[in-house]
file work_14.pdb (PDB, C-alpha atoms, pLDDT in the B column)
ATOM      1  CA  MET R  16      -7.115  -1.075 -24.863  1.00 81.00           C
ATOM      2  CA  ASN R  17      -7.228  -4.431 -23.069  1.00 89.00           C
ATOM      3  CA  TYR R  18      -6.077  -4.401 -19.461  1.00 94.00           C
ATOM      4  CA  HIS R  19      -6.652  -5.838 -15.989  1.00 96.00           C
ATOM      5  CA  LEU R  20      -6.568  -4.001 -12.655  1.00 97.00           C
ATOM      6  CA  TYR R  21      -5.168  -5.661  -9.530  1.00 94.00           C
ATOM      7  CA  PRO R  22      -4.706  -4.372  -5.966  1.00 95.00           C
ATOM      8  CA  MET R  23      -1.150  -4.308  -4.631  1.00 94.00           C
ATOM      9  CA  GLY R  24      -1.764  -4.057  -0.912  1.00 91.00           C
ATOM     10  CA  ASP R  25      -3.902  -1.189   0.337  1.00 90.00           C
ATOM     11  CA  GLN R  26      -1.950   1.678  -1.261  1.00 95.00           C
ATOM     12  CA  ALA R  27      -1.216   0.596  -4.827  1.00 96.00           C
ATOM     13  CA  ILE R  28      -2.893  -0.717  -7.950  1.00 97.00           C
ATOM     14  CA  THR R  29      -1.379  -2.536 -10.927  1.00 98.00           C
ATOM     15  CA  ILE R  30      -2.509  -2.113 -14.514  1.00 97.00           C
ATOM     16  CA  GLU R  31      -1.604  -5.253 -16.453  1.00 97.00           C
ATOM     17  CA  LEU R  32      -1.477  -4.717 -20.216  1.00 95.00           C
ATOM     18  CA  GLY R  33      -0.135  -8.054 -21.440  1.00 93.00           C
ATOM     19  CA  LYS R  34       1.523 -11.332 -20.548  1.00 92.00           C
ATOM     20  CA  GLU R  35       4.607 -11.142 -22.779  1.00 90.00           C
ATOM     21  CA  ILE R  36       7.376  -8.619 -23.415  1.00 89.00           C
ATOM     22  CA  ALA R  37       6.528  -6.874 -26.673  1.00 90.00           C
ATOM     23  CA  PRO R  38       6.912  -3.406 -28.230  1.00 89.00           C
ATOM     24  CA  GLU R  39       3.117  -3.117 -28.574  1.00 90.00           C
ATOM     25  CA  THR R  40       2.652  -3.624 -24.835  1.00 93.00           C
ATOM     26  CA  HIS R  41       5.478  -1.224 -24.054  1.00 92.00           C
ATOM     27  CA  TYR R  42       3.905   1.555 -26.125  1.00 90.00           C
ATOM     28  CA  LYS R  43       0.639   1.146 -24.206  1.00 91.00           C
ATOM     29  CA  ILE R  44       2.598   1.514 -20.973  1.00 93.00           C
ATOM     30  CA  LYS R  45       4.363   4.566 -22.358  1.00 91.00           C
ATOM     31  CA  MET R  46       1.037   6.076 -23.337  1.00 91.00           C
ATOM     32  CA  ILE R  47      -0.240   5.681 -19.772  1.00 93.00           C
ATOM     33  CA  THR R  48       2.884   7.028 -18.093  1.00 92.00           C
ATOM     34  CA  SER R  49       3.034   9.998 -20.450  1.00 89.00           C
ATOM     35  CA  TYR R  50      -0.539  10.862 -19.515  1.00 91.00           C
ATOM     36  CA  LEU R  51       0.278  10.556 -15.799  1.00 94.00           C
ATOM     37  CA  ASP R  52       3.287  12.850 -16.283  1.00 92.00           C
ATOM     38  CA  ASP R  53       1.151  15.483 -17.999  1.00 91.00           C
ATOM     39  CA  HIS R  54      -1.937  15.056 -15.784  1.00 92.00           C
ATOM     40  CA  PRO R  55      -0.800  13.698 -12.397  1.00 94.00           C
ATOM     41  CA  PRO R  56      -3.814  12.915 -10.180  1.00 92.00           C
ATOM     42  CA  LYS R  57      -3.663  14.510  -6.718  1.00 91.00           C
ATOM     43  CA  TRP R  58      -4.064  11.103  -5.111  1.00 93.00           C
ATOM     44  CA  MET R  59      -1.066   9.604  -6.956  1.00 95.00           C
ATOM     45  CA  ILE R  60       2.250   9.312  -5.074  1.00 96.00           C
ATOM     46  CA  GLU R  61       4.303   7.704  -7.864  1.00 95.00           C
ATOM     47  CA  TYR R  62       4.118   5.097 -10.608  1.00 95.00           C
ATOM     48  CA  ILE R  63       6.459   2.269 -11.570  1.00 93.00           C
ATOM     49  CA  PRO R  64       6.440   0.985 -15.165  1.00 93.00           C
ATOM     50  CA  ALA R  65       7.655  -2.553 -15.921  1.00 92.00           C
ATOM     51  CA  PHE R  66       7.699  -4.899 -18.925  1.00 92.00           C
ATOM     52  CA  THR R  67       3.926  -5.500 -18.999  1.00 95.00           C
ATOM     53  CA  THR R  68       2.525  -3.441 -16.126  1.00 96.00           C
ATOM     54  CA  VAL R  69       2.249  -0.022 -14.543  1.00 96.00           C
ATOM     55  CA  THR R  70       1.893   0.058 -10.755  1.00 97.00           C
ATOM     56  CA  ILE R  71       0.489   3.245  -9.262  1.00 97.00           C
ATOM     57  CA  PHE R  72       0.946   4.111  -5.594  1.00 97.00           C
ATOM     58  CA  TYR R  73      -1.711   6.347  -4.062  1.00 95.00           C
ATOM     59  CA  ASP R  74      -2.575   8.180  -0.843  1.00 93.00           C
ATOM     60  CA  PRO R  75      -5.605   6.386   0.711  1.00 90.00           C
ATOM     61  CA  TYR R  76      -6.603   9.434   2.761  1.00 86.00           C
ATOM     62  CA  GLU R  77      -6.581  11.673  -0.302  1.00 86.00           C
ATOM     63  CA  VAL R  78      -8.700   9.082  -2.122  1.00 88.00           C
ATOM     64  CA  TYR R  79     -11.218   8.904   0.746  1.00 81.00           C
ATOM     65  CA  GLN R  80     -11.609  12.671   0.591  1.00 81.00           C
ATOM     66  CA  LYS R  81     -12.092  12.587  -3.184  1.00 78.00           C
ATOM     67  CA  SER R  82     -14.829   9.946  -2.889  1.00 75.00           C
ATOM     68  CA  ASN R  83     -16.501  11.702   0.058  1.00 74.00           C
ATOM     69  CA  TYR R  84     -15.820   8.545   2.079  1.00 68.00           C
ATOM     70  CA  LYS R  85     -18.341   6.582   0.001  1.00 76.00           C
ATOM     71  CA  LEU R  86     -15.960   4.183  -1.744  1.00 79.00           C
ATOM     72  CA  LEU R  87     -12.995   2.108  -0.732  1.00 84.00           C
ATOM     73  CA  PRO R  88      -9.756   3.560  -2.123  1.00 89.00           C
ATOM     74  CA  PHE R  89      -9.254   0.649  -4.542  1.00 90.00           C
ATOM     75  CA  GLU R  90     -12.806   0.998  -5.869  1.00 91.00           C
ATOM     76  CA  TYR R  91     -12.356   4.724  -6.414  1.00 91.00           C
ATOM     77  CA  ILE R  92      -8.983   4.304  -8.134  1.00 94.00           C
ATOM     78  CA  CYS R  93     -10.436   1.617 -10.419  1.00 94.00           C
ATOM     79  CA  HIS R  94     -13.200   4.006 -11.451  1.00 92.00           C
ATOM     80  CA  GLU R  95     -10.694   6.817 -12.055  1.00 93.00           C
ATOM     81  CA  LEU R  96      -8.327   4.651 -14.086  1.00 95.00           C
ATOM     82  CA  LYS R  97     -11.075   3.217 -16.251  1.00 94.00           C
ATOM     83  CA  SER R  98     -12.071   6.766 -17.111  1.00 92.00           C
ATOM     84  CA  ILE R  99      -8.453   7.736 -17.865  1.00 91.00           C
ATOM     85  CA  LEU R 100      -7.719   4.625 -19.928  1.00 93.00           C
ATOM     86  CA  SER R 101     -10.852   5.057 -22.017  1.00 89.00           C
ATOM     87  CA  LYS R 102      -9.506   8.434 -23.173  1.00 83.00           C
ATOM     88  CA  LEU R 103      -6.154   7.058 -24.300  1.00 83.00           C
ATOM     89  CA  THR R 104      -7.323   4.833 -27.145  1.00 66.00           C
ATOM     90  CA  GLN R 105      -7.192   7.742 -29.583  1.00 51.00           C
ATOM     91  CA  SER R 106      -4.034   9.353 -28.248  1.00 53.00           C
ATOM     92  CA  LYS R 107      -1.431  10.291 -30.835  1.00 57.00           C
ATOM     93  CA  PRO R 108       1.645   8.032 -31.199  1.00 60.00           C
ATOM     94  CA  ILE R 109       4.456   8.725 -28.754  1.00 67.00           C
ATOM     95  CA  GLU R 110       7.811   9.604 -30.287  1.00 74.00           C
ATOM     96  CA  SER R 111      10.876   7.813 -28.942  1.00 82.00           C
ATOM     97  CA  ARG R 112      14.119   9.563 -28.125  1.00 92.00           C
ATOM     98  CA  ILE R 113      17.186   8.155 -29.890  1.00 95.00           C
ATOM     99  CA  VAL R 114      20.289   7.933 -27.685  1.00 96.00           C
ATOM    100  CA  GLU R 115      23.700   7.038 -29.086  1.00 97.00           C
ATOM    101  CA  ILE R 116      25.880   4.993 -26.726  1.00 98.00           C
ATOM    102  CA  PRO R 117      29.565   4.890 -27.737  1.00 98.00           C
ATOM    103  CA  VAL R 118      31.184   1.554 -26.821  1.00 98.00           C
ATOM    104  CA  CYS R 119      34.809   0.452 -26.785  1.00 98.00           C
ATOM    105  CA  TYR R 120      34.564  -3.267 -27.469  1.00 98.00           C
ATOM    106  CA  GLY R 121      36.960  -6.006 -26.329  1.00 98.00           C
ATOM    107  CA  GLY R 122      40.327  -5.777 -24.602  1.00 97.00           C
ATOM    108  CA  GLU R 123      40.308  -4.570 -21.003  1.00 96.00           C
ATOM    109  CA  TYR R 124      36.853  -3.081 -21.550  1.00 98.00           C
ATOM    110  CA  GLY R 125      35.239  -6.266 -22.889  1.00 98.00           C
ATOM    111  CA  PRO R 126      37.064  -9.322 -21.510  1.00 98.00           C
ATOM    112  CA  ASP R 127      34.325 -11.748 -22.629  1.00 98.00           C
ATOM    113  CA  LEU R 128      34.043 -10.605 -26.244  1.00 98.00           C
ATOM    114  CA  GLU R 129      36.094 -13.493 -27.599  1.00 98.00           C
ATOM    115  CA  LEU R 130      34.094 -16.028 -25.567  1.00 98.00           C
ATOM    116  CA  VAL R 131      30.799 -14.664 -26.931  1.00 98.00           C
ATOM    117  CA  ALA R 132      32.237 -14.922 -30.442  1.00 98.00           C
ATOM    118  CA  GLU R 133      33.440 -18.491 -29.874  1.00 98.00           C
ATOM    119  CA  LEU R 134      30.094 -19.618 -28.439  1.00 98.00           C
ATOM    120  CA  ASN R 135      28.314 -18.379 -31.559  1.00 98.00           C
ATOM    121  CA  GLY R 136      30.857 -19.450 -34.179  1.00 98.00           C
ATOM    122  CA  LEU R 137      31.720 -15.847 -35.004  1.00 98.00           C
ATOM    123  CA  THR R 138      34.740 -13.583 -34.974  1.00 98.00           C
ATOM    124  CA  PRO R 139      34.949 -10.759 -32.405  1.00 98.00           C
ATOM    125  CA  ASP R 140      34.517  -8.230 -35.222  1.00 98.00           C
ATOM    126  CA  GLU R 141      31.316  -9.975 -36.322  1.00 98.00           C
ATOM    127  CA  VAL R 142      29.963  -9.815 -32.757  1.00 98.00           C
ATOM    128  CA  ILE R 143      30.717  -6.094 -32.663  1.00 98.00           C
ATOM    129  CA  GLN R 144      29.045  -5.536 -36.033  1.00 98.00           C
ATOM    130  CA  ILE R 145      25.905  -7.420 -35.002  1.00 98.00           C
ATOM    131  CA  HIS R 146      25.701  -5.820 -31.553  1.00 98.00           C
ATOM    132  CA  SER R 147      26.166  -2.297 -32.889  1.00 98.00           C
ATOM    133  CA  SER R 148      23.547  -2.696 -35.628  1.00 96.00           C
ATOM    134  CA  GLY R 149      20.649  -3.857 -33.460  1.00 90.00           C
ATOM    135  CA  ASP R 150      17.277  -2.132 -33.171  1.00 87.00           C
ATOM    136  CA  TYR R 151      17.189  -1.529 -29.425  1.00 95.00           C
ATOM    137  CA  LEU R 152      14.392  -0.342 -27.144  1.00 94.00           C
ATOM    138  CA  VAL R 153      14.608   0.461 -23.413  1.00 94.00           C
ATOM    139  CA  TYR R 154      11.647  -1.268 -21.800  1.00 92.00           C
ATOM    140  CA  MET R 155      12.255  -0.159 -18.229  1.00 91.00           C
ATOM    141  CA  ILE R 156      14.835   0.967 -15.679  1.00 92.00           C
ATOM    142  CA  GLY R 157      15.553  -1.235 -12.674  1.00 87.00           C
ATOM    143  CA  PHE R 158      17.795  -3.706 -10.801  1.00 84.00           C
ATOM    144  CA  ALA R 159      20.306  -0.924 -10.072  1.00 89.00           C
ATOM    145  CA  PRO R 160      19.994   2.883 -10.391  1.00 91.00           C
ATOM    146  CA  GLY R 161      19.846   3.721 -14.083  1.00 93.00           C
ATOM    147  CA  PHE R 162      20.128   0.096 -15.288  1.00 94.00           C
ATOM    148  CA  PRO R 163      18.273  -0.218 -18.623  1.00 94.00           C
ATOM    149  CA  TYR R 164      16.365  -3.367 -19.562  1.00 91.00           C
ATOM    150  CA  ILE R 165      16.939  -3.430 -23.308  1.00 93.00           C
ATOM    151  CA  GLY R 166      15.188  -5.446 -26.012  1.00 91.00           C
ATOM    152  CA  GLY R 167      16.167  -5.980 -29.628  1.00 92.00           C
ATOM    153  CA  MET R 168      19.447  -7.893 -29.511  1.00 96.00           C
ATOM    154  CA  SER R 169      20.068 -10.480 -32.226  1.00 96.00           C
ATOM    155  CA  GLU R 170      19.970 -14.112 -31.112  1.00 96.00           C
ATOM    156  CA  LYS R 171      23.120 -14.619 -33.217  1.00 98.00           C
ATOM    157  CA  ILE R 172      25.217 -13.242 -30.343  1.00 98.00           C
ATOM    158  CA  ALA R 173      23.249 -14.653 -27.395  1.00 97.00           C
ATOM    159  CA  ALA R 174      25.389 -16.051 -24.575  1.00 98.00           C
ATOM    160  CA  PRO R 175      24.618 -17.645 -21.187  1.00 97.00           C
ATOM    161  CA  ARG R 176      25.386 -15.937 -17.918  1.00 96.00           C
ATOM    162  CA  ARG R 177      28.658 -16.794 -16.226  1.00 95.00           C
ATOM    163  CA  LYS R 178      28.483 -19.855 -13.957  1.00 93.00           C
ATOM    164  CA  SER R 179      30.302 -17.834 -11.309  1.00 94.00           C
ATOM    165  CA  PRO R 180      29.280 -14.136 -11.193  1.00 95.00           C
ATOM    166  CA  ARG R 181      31.958 -11.493 -10.835  1.00 96.00           C
ATOM    167  CA  LEU R 182      31.984  -9.779  -7.457  1.00 96.00           C
ATOM    168  CA  ALA R 183      32.511  -6.369  -9.037  1.00 96.00           C
ATOM    169  CA  ILE R 184      31.739  -5.290 -12.589  1.00 96.00           C
ATOM    170  CA  PRO R 185      33.112  -1.863 -13.563  1.00 96.00           C
ATOM    171  CA  GLU R 186      30.488   0.808 -14.035  1.00 96.00           C
ATOM    172  CA  ARG R 187      29.400   1.488 -17.617  1.00 97.00           C
ATOM    173  CA  SER R 188      30.256  -2.078 -18.730  1.00 98.00           C
ATOM    174  CA  VAL R 189      28.189  -3.412 -21.635  1.00 98.00           C
ATOM    175  CA  GLY R 190      27.203  -7.048 -21.311  1.00 97.00           C
ATOM    176  CA  ILE R 191      25.165  -9.917 -22.707  1.00 97.00           C
ATOM    177  CA  ALA R 192      23.045 -12.420 -20.768  1.00 95.00           C
ATOM    178  CA  GLY R 193      20.946 -14.872 -22.730  1.00 95.00           C
ATOM    179  CA  LYS R 194      19.176 -12.938 -25.473  1.00 92.00           C
ATOM    180  CA  GLN R 195      19.522  -9.576 -23.710  1.00 92.00           C
ATOM    181  CA  THR R 196      22.121  -6.855 -23.653  1.00 95.00           C
ATOM    182  CA  GLY R 197      22.515  -4.241 -20.954  1.00 94.00           C
ATOM    183  CA  ILE R 198      24.763  -1.612 -19.388  1.00 97.00           C
ATOM    184  CA  TYR R 199      25.885  -1.591 -15.757  1.00 97.00           C
ATOM    185  CA  PRO R 200      25.453   2.038 -14.603  1.00 96.00           C
ATOM    186  CA  ILE R 201      27.293   1.494 -11.313  1.00 96.00           C
ATOM    187  CA  GLU R 202      29.859  -1.008 -10.031  1.00 96.00           C
ATOM    188  CA  THR R 203      27.970  -4.063  -8.854  1.00 95.00           C
ATOM    189  CA  PRO R 204      28.263  -7.859  -8.784  1.00 95.00           C
ATOM    190  CA  GLY R 205      26.923  -9.552 -11.895  1.00 94.00           C
ATOM    191  CA  GLY R 206      27.040 -12.558 -14.154  1.00 95.00           C
ATOM    192  CA  TRP R 207      26.709 -11.021 -17.597  1.00 97.00           C
ATOM    193  CA  GLN R 208      29.323 -11.606 -20.292  1.00 98.00           C
ATOM    194  CA  LEU R 209      31.191  -8.308 -20.722  1.00 98.00           C
ATOM    195  CA  ILE R 210      31.860  -7.278 -24.321  1.00 98.00           C
ATOM    196  CA  GLY R 211      32.685  -3.578 -23.956  1.00 98.00           C
ATOM    197  CA  ARG R 212      32.327  -0.379 -21.973  1.00 98.00           C
ATOM    198  CA  THR R 213      30.892   3.064 -22.613  1.00 98.00           C
ATOM    199  CA  PRO R 214      32.504   6.313 -21.424  1.00 98.00           C
ATOM    200  CA  LEU R 215      29.044   7.771 -20.772  1.00 97.00           C
ATOM    201  CA  ARG R 216      27.730   7.967 -17.211  1.00 95.00           C
ATOM    202  CA  LEU R 217      24.311   6.345 -17.070  1.00 95.00           C
ATOM    203  CA  PHE R 218      23.636   7.209 -13.433  1.00 95.00           C
ATOM    204  CA  ARG R 219      24.214  10.825 -12.406  1.00 93.00           C
ATOM    205  CA  PRO R 220      22.842  11.358  -8.874  1.00 93.00           C
ATOM    206  CA  GLU R 221      23.700  15.061  -8.949  1.00 94.00           C
ATOM    207  CA  MET R 222      21.297  15.663 -11.851  1.00 91.00           C
ATOM    208  CA  GLU R 223      17.579  16.438 -11.598  1.00 91.00           C
ATOM    209  CA  GLU R 224      17.003  13.381 -13.811  1.00 90.00           C
ATOM    210  CA  PRO R 225      19.707  11.010 -12.516  1.00 94.00           C
ATOM    211  CA  SER R 226      19.194   8.292 -15.138  1.00 94.00           C
ATOM    212  CA  LEU R 227      20.600   9.067 -18.588  1.00 95.00           C
ATOM    213  CA  LEU R 228      18.209   6.557 -20.155  1.00 95.00           C
ATOM    214  CA  LYS R 229      14.495   6.103 -19.618  1.00 91.00           C
ATOM    215  CA  ALA R 230      11.785   3.716 -20.739  1.00 90.00           C
ATOM    216  CA  GLY R 231      10.890   4.267 -24.369  1.00 90.00           C
ATOM    217  CA  ASP R 232      14.345   5.367 -25.494  1.00 94.00           C
ATOM    218  CA  LYS R 233      15.798   3.814 -28.624  1.00 95.00           C
ATOM    219  CA  ILE R 234      19.509   3.031 -28.379  1.00 96.00           C
ATOM    220  CA  ARG R 235      22.241   2.965 -30.985  1.00 97.00           C
ATOM    221  CA  PHE R 236      25.559   1.431 -29.951  1.00 98.00           C
ATOM    222  CA  ILE R 237      28.473   3.166 -31.700  1.00 98.00           C
ATOM    223  CA  PRO R 238      31.869   1.361 -31.778  1.00 98.00           C
ATOM    224  CA  ILE R 239      34.781   3.581 -30.720  1.00 98.00           C
ATOM    225  CA  SER R 240      38.541   3.129 -30.233  1.00 97.00           C
ATOM    226  CA  PRO R 241      40.357   3.138 -26.866  1.00 97.00           C
ATOM    227  CA  LYS R 242      41.664   6.611 -27.698  1.00 97.00           C
ATOM    228  CA  GLN R 243      38.141   7.917 -28.347  1.00 97.00           C
ATOM    229  CA  TYR R 244      36.998   6.248 -25.136  1.00 97.00           C
ATOM    230  CA  ALA R 245      39.644   8.100 -23.106  1.00 96.00           C
ATOM    231  CA  GLU R 246      38.773  11.435 -24.740  1.00 95.00           C
ATOM    232  CA  LEU R 247      35.031  11.033 -24.131  1.00 95.00           C
ATOM    233  CA  GLU R 248      35.559   9.833 -20.559  1.00 93.00           C
ATOM    234  CA  GLU R 249      37.482  13.020 -19.762  1.00 90.00           C
ATOM    235  CA  GLN R 250      34.480  15.061 -20.890  1.00 89.00           C
ATOM    236  CA  GLN R 251      32.094  13.392 -18.445  1.00 80.00           C
TER     237      GLN R 251
END
call {"tool": "encode", "arguments": {"input": "work_14.pdb", "output": "structure tokens"}}
result
Amino acid sequence: MNYHLYPMGDQAITIELGKEIAPETHYKIKMITSYLDDHPPKWMIEYIPAFTTVTIFYDPYEVYQKSNYKLLPFEYICHELKSILSKLTQSKPIESRIVEIPVCYGGEYGPDLELVAELNGLTPDEVIQIHSSGDYLVYMIGFAPGFPYIGGMSEKIAAPRRKSPRLAIPERSVGIAGKQTGIYPIETPGGWQLIGRTPLRLFRPEMEEPSLLKAGDKIRFIPISPKQYAELEEQQ
């Protein structure tokens, strides 16, 4: 496994596993985070996975104790991580969870669907068909609580961000920005083109795991009618 280690201040270290967003890099990140979940080091406070990196925050005092005050915390963590990473090269493949996301496209739920279709020389139905047949992967969660950064959307339905962002986008809205698609888990300003909305709650602060989605999930968008949307929303 090729990687680089960088200090992030005096209490964190970043493992860089690539320079570009790619499934291969993501699976290396998932391998590392899965190991940290199963074998959390006592010195680790938390970790943050991103597109090409994993940043690990640690307790310097705990590290000093572990090294018997002989090494600087960064030096000790580098030694520990090199040992951990060397064991992961033969780890078994990590299975991805498949999550179905029902979406009511167009109308009041997707006011920009027709614009996305027009920009790409397609009909709204063709946009829906392409969007709901993509091979999607959640690379990371960020920007807002529970917001999934999703890869795998077809360039055939790519659309630029709005020149003037909306001040409030309804929670659970499904949008397109450039070559990406995403879901707004909470109401927030944003400039994505809105093509639909899901009745599912992506951010549930009352739950032990507040984010419905997590890095490594595979997503399937399922078109539904307004009636189905209302019925599913009542069940949330």
call {"tool": "resolve_selection", "arguments": {"input": "work_14.pdb", "expression": "the PyMOL selection byres ((chain R and resi 167-179) around 7)", "output": "VMD selection string"}}
result
chain R and resid 131 135 142 146 149 to 152 165 to 166 180 to 181 191 to 196 206 to 208
call {"tool": "resolve_selection", "arguments": {"input": "work_14.pdb", "expression": "the PyMOL selection byres ((chain R and resi 59) around 7)", "output": "list of chain:residue names"}}
result
R:Pro55, R:Pro56, R:Lys57, R:Trp58, R:Ile60, R:Glu61, R:Ile71, R:Phe72, R:Tyr73, R:Asp74
call {"tool": "closest_residue", "arguments": {"input": "work_14.pdb", "among": "R:Asp127, R:Glu110, R:Glu141, R:Asp25", "to": "Met46 in chain R", "atoms": "only C-alpha atoms"}}
result
R:Glu110
call {"tool": "residues_around", "arguments": {"input": "work_14.pdb", "residues": "Phe162 in chain R", "least_positions_apart": "4", "cutoff": "10 Å", "atoms": "only C-alpha atoms", "output": "ChimeraX atom specification"}}
result
/R:153,155-158,187,197-201,217-218,226-229
call {"tool": "atom_distance", "arguments": {"input": "work_14.pdb", "atom1": "CA of Thr70 in chain R", "atom2": "CA of Leu51 in chain R"}}
result
11.8 Å
call {"tool": "atom_distance", "arguments": {"input": "work_14.pdb", "atom1": "CA of Gly125 in chain R", "atom2": "CA of Arg212 in chain R"}}
result
6.6 Å
call {"tool": "atom_distance", "arguments": {"input": "work_14.pdb", "atom1": "CA of Lys233 in chain R", "atom2": "CA of Ile44 in chain R"}}
result
15.4 Å
call {"tool": "resolve_selection", "arguments": {"input": "work_14.pdb", "expression": "the PyMOL selection byres ((chain R and resi 124) around 9)", "output": "list in words"}}
result
Cys119, Tyr120, Gly121, Gly122, Glu123, Gly125, Pro126, Pro185, Ser188, Val189, Leu209, Ile210, Gly211, Arg212, Thr213 and Pro241 of chain R
call {"tool": "decode", "arguments": {"input": "work_14.pdb", "residues": "range 40-51 of chain R", "atoms": "N, CA and C atoms", "output": "mmCIF file, in the first residue's frame"}}
result
data_model
loop_
_atom_site.group_PDB
_atom_site.id
_atom_site.type_symbol
_atom_site.label_atom_id
_atom_site.label_comp_id
_atom_site.auth_asym_id
_atom_site.auth_seq_id
_atom_site.Cartn_x
_atom_site.Cartn_y
_atom_site.Cartn_z
ATOM 1 N N THR R 40 -8.724 4.175 -4.278
ATOM 2 C CA THR R 40 -8.239 4.925 -3.124
ATOM 3 C C THR R 40 -9.239 4.856 -1.984
ATOM 4 N N HIS R 41 -10.517 4.968 -2.321
ATOM 5 C CA HIS R 41 -11.554 4.908 -1.291
ATOM 6 C C HIS R 41 -11.519 3.585 -0.534
ATOM 7 N N TYR R 42 -11.320 2.476 -1.242
ATOM 8 C CA TYR R 42 -11.324 1.176 -0.577
ATOM 9 C C TYR R 42 -10.118 1.018 0.349
ATOM 10 N N LYS R 43 -9.005 1.673 0.014
ATOM 11 C CA LYS R 43 -7.862 1.673 0.936
ATOM 12 C C LYS R 43 -8.221 2.438 2.211
ATOM 13 N N ILE R 44 -8.893 3.568 2.030
ATOM 14 C CA ILE R 44 -9.329 4.359 3.185
ATOM 15 C C ILE R 44 -10.299 3.558 4.041
ATOM 16 N N LYS R 45 -11.218 2.870 3.376
ATOM 17 C CA LYS R 45 -12.196 2.061 4.107
ATOM 18 C C LYS R 45 -11.522 0.925 4.861
ATOM 19 N N MET R 46 -10.482 0.374 4.280
ATOM 20 C CA MET R 46 -9.748 -0.699 4.940
ATOM 21 C C MET R 46 -9.110 -0.191 6.239
ATOM 22 N N ILE R 47 -8.542 1.022 6.165
ATOM 23 C CA ILE R 47 -7.898 1.609 7.339
ATOM 24 C C ILE R 47 -8.923 1.941 8.411
ATOM 25 N N THR R 48 -10.017 2.590 8.023
ATOM 26 C CA THR R 48 -11.007 2.985 9.023
ATOM 27 C C THR R 48 -11.708 1.781 9.644
ATOM 28 N N SER R 49 -11.889 0.736 8.876
ATOM 29 C CA SER R 49 -12.487 -0.486 9.430
ATOM 30 C C SER R 49 -11.571 -1.095 10.485
ATOM 31 N N TYR R 50 -10.272 -1.066 10.206
ATOM 32 C CA TYR R 50 -9.310 -1.584 11.187
ATOM 33 C C TYR R 50 -9.350 -0.734 12.464
ATOM 34 N N LEU R 51 -9.394 0.594 12.296
ATOM 35 C CA LEU R 51 -9.417 1.479 13.462
ATOM 36 C C LEU R 51 -10.698 1.300 14.272
#
